[in-house]
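Chemist: Sharing a structure with you now.
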Amino acid sequence: CAVKAAQVLSEIAKNEEMKKPCIEADLVLTLIPLLESTDQEMLLHAGRAIGRICYDNRDLQEELVKVGVIPSLVRILTDYTESEPLVHVALLALYNLADLDSAKEALSMTKVAEQLVKQLRRAESHERLEIVFEVLQALAENDALKVQLVEAGMPEVLSEILLRLQGRSQAEDTCIVRAASDLIVSLLLGGKKGNITGQLKVAKNSAKSIVLILARHENSQGKDSLNSEFCIIGFYHRVSYLCHLLVLPLSSDGNCLRMVQLGVIHQLLDLLEKHVQSRDTSVQQAALSALQNLAVPVVSKLQILEEGVAERIEALLRSESPPAQFKLLGTLRMLADGQADAAEILGHGPMLLNRLVQWCSVSDHSGICGEANRLLASILHHNRSQEVVKAIQAAQGVKHLVSMTTSEHAAMQNKALNALAIASAIDLETLEESFKESQLVQSLHKLLRDDNTSPEVKYNSMGLLCRLLNSGDLRQEIEEDNIKDTLERLCSHSNANVVKEAITTLQVLRGET
């Protein structure tokens, strides 16, 4: 009798005009206990009746959550996984409730993530996939549920769906791919910024999903497909954010290296090459940010070099977008930082060096000019090859580094001084004429005389002077400029390191060492 009554109510509730009388009669609260039944027919009709009466009624939906409908719905998914009608009713109910914060909180206390992963694996029809995706997108807005979904294996299941549908062009398949891609992005976004532990959990084992989405975007044809259908620009900003998470000191999973090994670097470069001359530079900037973050760990630098990225990235030098140029320079500098092999590869590229020298004198973009000078200094600093020194000299880059020694920023001055000192130790003969033409000796003397020059800059200036004294012509310039007197005064400087270096430089100048 109760089953028949529930069935009648579910049919009556199809009529919009009959919903109000059902609500006024408190039939919803009467039906709720029936969801604890073990009779599948009772569950089916009671679930349908509740869903139809409460549809689009927020107050009633809040009341449902308050009286404990969420655990009952998850129980149906758990106990009746094979029953298509019951699963459909439970999923529809979750779809209607999932936007409520109270429902998300209640669901976070259940094992709904595991059940949704199971349903996604079992789903064969587009209709079933779509409703599960709708529920998942709503739940992914909750940090706790987001972590639970990742731990339950959701990124892997979504990756499998993307692989299965790769290359299909039917409208229904395209919608599923878009939904799967959007959901992976939502999961990878990682929750609140302050929740580092949660972010790292979300990031774990997600590299494969990123590569699949990148491949999907790369293979998509047409601007509308790239920008509207897959929201690619926003996606790449999120990839950049994820890459930042993966290189946090707290991460010990090697996710950053795993992403490189899976081929994400070349996917990013493929996309960059397609967009290098595009007016819309958002994709360029976001992808370059991702590359820059991936190049932070030393182990990743080595892997990236082995992938031949330094050679491929030179094709991006054609970009005329100042923001993209700035990002590219930062990426290359990150790659060269602390890596002699990278510095040598970059230093052997005539196209890159010529472009760098060009950017070093860009007056209307100070950021690009400064970054170009820093990259040039970094290449010389980390390089150990005489051929690279000759290449930079041939590209007329030395004069820019000499000019950099007089920068208003001490950090820039020190980078230039150290780079020139190392280059002088490698091949002073090649650099001698450029040093004379750019009046390096006179610039160093000015730094040593100036009371406003920082102690570190004075120290590094004297270190470079010691290298220059190995050249007869430059030694003569040093002697003629009376730098000896300045060095003697620095022997009574307040900074102990400056005093020590002044004494050493005087000894070299006098030929005592």
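Within each chain, counting starts at residue 1; across the structure tokens, chains are named A, B, ... in the order shown, with ligands numbered 1 upward in that order.
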Within 10 Å of A:Ser385, counting only C-alpha atoms, which residues qualify if same-chain residues fewer than 5 places away don't, as JSON, numbers by chain?
Modeler: {"A": [340, 341, 343, 344, 347, 348, 380, 390, 423, 426, 427]}
Chemist: Write down as a list of chain:residue names the residues belonging to stretch 317-353 of chain A that are assigned helix (DSSP H, G or I) by DSSP computed on the backbone.
Modeler: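 Residues of stretch 317-353 of chain A classed as helix (DSSP H, G or I): A:Leu317, A:Arg318, A:Pro322, A:Pro323, A:Ala324, A:Gln325, A:Phe326, A:Lys327, A:Leu328, A:Leu329, A:Gly330, A:Thr331, A:Leu332, A:Arg333, A:Met334, A:Leu335, A:Ala336, A:Ala340, A:Asp341, A:Ala342, A:Ala343, A:Glu344, A:Ile345, A:Leu346, A:Gly347, A:Pro350, A:Met351, A:Leu352, A:Leu353.
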Chemist: For the selection just defined, write its residues with C-alpha atoms to a file, as an mmCIF file, in the first residue's frame.
Modeler:
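Result file is part.cif:
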data_model
loop_
_atom_site.group_PDB
_atom_site.id
_atom_site.type_symbol
_atom_site.label_atom_id
_atom_site.label_comp_id
_atom_site.auth_asym_id
_atom_site.auth_seq_id
_atom_site.Cartn_x
_atom_site.Cartn_y
_atom_site.Cartn_z
ATOM 1 C CA LEU A 317 62.150 35.183 -30.309
ATOM 2 C CA ARG A 318 59.990 36.430 -33.183
ATOM 3 C CA PRO A 322 56.604 43.155 -24.833
ATOM 4 C CA PRO A 323 54.865 41.129 -22.063
ATOM 5 C CA ALA A 324 55.625 37.860 -23.880
ATOM 6 C CA GLN A 325 59.212 38.980 -24.510
ATOM 7 C CA PHE A 326 59.638 39.730 -20.817
ATOM 8 C CA LYS A 327 58.279 36.298 -19.844
ATOM 9 C CA LEU A 328 60.524 34.577 -22.398
ATOM 10 C CA LEU A 329 63.634 36.299 -21.050
ATOM 11 C CA GLY A 330 62.700 35.302 -17.510
ATOM 12 C CA THR A 331 62.171 31.696 -18.593
ATOM 13 C CA LEU A 332 65.561 31.518 -20.301
ATOM 14 C CA ARG A 333 67.285 33.109 -17.313
ATOM 15 C CA MET A 334 65.646 30.583 -14.987
ATOM 16 C CA LEU A 335 66.915 27.808 -17.262
ATOM 17 C CA ALA A 336 70.490 29.170 -17.282
ATOM 18 C CA ALA A 340 76.863 25.666 -17.164
ATOM 19 C CA ASP A 341 75.415 23.383 -19.857
ATOM 20 C CA ALA A 342 72.370 25.611 -20.319
ATOM 21 C CA ALA A 343 74.495 28.754 -20.382
ATOM 22 C CA GLU A 344 76.737 27.225 -23.035
ATOM 23 C CA ILE A 345 73.774 26.160 -25.210
ATOM 24 C CA LEU A 346 72.179 29.602 -24.981
ATOM 25 C CA GLY A 347 75.517 31.319 -25.521
ATOM 26 C CA PRO A 350 73.606 33.646 -32.611
ATOM 27 C CA MET A 351 69.900 34.382 -33.119
ATOM 28 C CA LEU A 352 69.317 34.597 -29.368
ATOM 29 C CA LEU A 353 72.433 36.703 -28.724
#
Chemist: Between A:Leu431, A:Leu139, A:Cys175, A:Leu376, single out the one closest to A:Lys415, counting only C-alpha atoms.
Modeler: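 Between A:Leu431, A:Leu139, A:Cys175, A:Leu376, the residue approaching A:Lys415 most closely is A:Leu376.
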Chemist: Tell me which of A:Leu506, A:Leu490, A:Leu401, A:Leu92 sits closest to A:Ala372, counting only C-alpha atoms.
Modeler: A:Leu401
Chemist: Need to verify the contact set: A:Leu269, 12 Å, only C-alpha atoms, exclusion of same-chain residues closer than 5 positions in sequence. Can you return it as a VMD selection string?
Modeler: chain A and resid 214 to 215 218 260 263 to 264 274 to 276 283 to 291 304 307 to 316 328
Chemist: Can you tell me how far atom CA of A:Ala140 sits from atom CA of A:Lys104, in Å to one decimal?
Modeler: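 These two atoms are separated by 9.4 Å.
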Chemist: Work out how far atom CA of A:Ile483 is from atom CA of A:Gln386, in Å to one decimal.
Modeler: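 It comes out at 29.1 Å.
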Chemist: Using only C-alpha atoms, determine which residues lie at most 8 Å from stretch 29-38 of chain A, disregarding the query and same-chain residues fewer than 4 positions distant; provide the list as a PyMOL selection string.
Modeler: chain A and resi 6+42-43+46-47+50+69+72-73
Chemist: For a test of reading the model, state the distance in Å between atom CA of A:Leu187 and atom CA of A:Val150, rounded to one decimal.
Modeler: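 Going from atom CA of A:Leu187 over to atom CA of A:Val150, I get 7.2 Å.
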Chemist: Measuring between only C-alpha atoms, which one of A:Glu105, A:Glu11, A:Asp26, A:Glu501 shows the shortest distance to A:Lys458?
Modeler: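 Counting only C-alpha atoms, the residue closest to A:Lys458 is A:Glu501.
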Chemist: What's the 10 Å shell around A:Glu488, counting only C-alpha atoms, without same-chain residues fewer than 6 positions away, as an MDAnalysis selection string?
Modeler: chainID A and resid 499 502:503 505:506
Chemist: Taking only C-alpha atoms into account, which of A:Asp337, A:Cys54, A:Met412, A:Asn460 comes nearest A:Asn373?
Modeler: A:Met412
Chemist: Within 9 Å of A:Leu165, counting only C-alpha atoms, which residues qualify if same-chain residues fewer than 3 places away don't, as a ChimeraX atom specification?
Modeler: /A:160-162,168-169,173-174,176-177
Chemist: Write the residues of the preceding selection, restricted to C-alpha atoms, as a short mmCIF file (atom, residue, chain, number, x, y, z; two decimals), in the first residue's frame.
Modeler:
data_model
loop_
_atom_site.label_atom_id
_atom_site.label_comp_id
_atom_site.auth_asym_id
_atom_site.auth_seq_id
_atom_site.Cartn_x
_atom_site.Cartn_y
_atom_site.Cartn_z
CA GLU A 160 40.66 7.83 -19.39
CA ILE A 161 37.54 9.56 -20.74
CA LEU A 162 39.65 12.11 -22.61
CA ARG A 168 36.09 12.31 -32.09
CA SER A 169 34.25 15.28 -33.56
CA ASP A 173 31.56 13.88 -27.62
CA THR A 174 32.78 17.46 -27.79
CA ILE A 176 31.80 15.54 -22.79
CA VAL A 177 35.41 16.42 -23.54
#
Chemist: Given the choices A:Glu273, A:Pro21, A:Val8, A:Val362, which gets closest to A:Ser319 if the distance is worked out from only C-alpha atoms?
Modeler: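 Comparing A:Glu273, A:Pro21, A:Val8, A:Val362 against A:Ser319, the winner is A:Glu273.
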Chemist: Tell me, as a ChimeraX atom specification, which residues lie within 8 Å of A:Val132, counting only C-alpha atoms; anything in the same chain fewer than 6 positions away does not count.
Modeler: /A:91,116,119-120
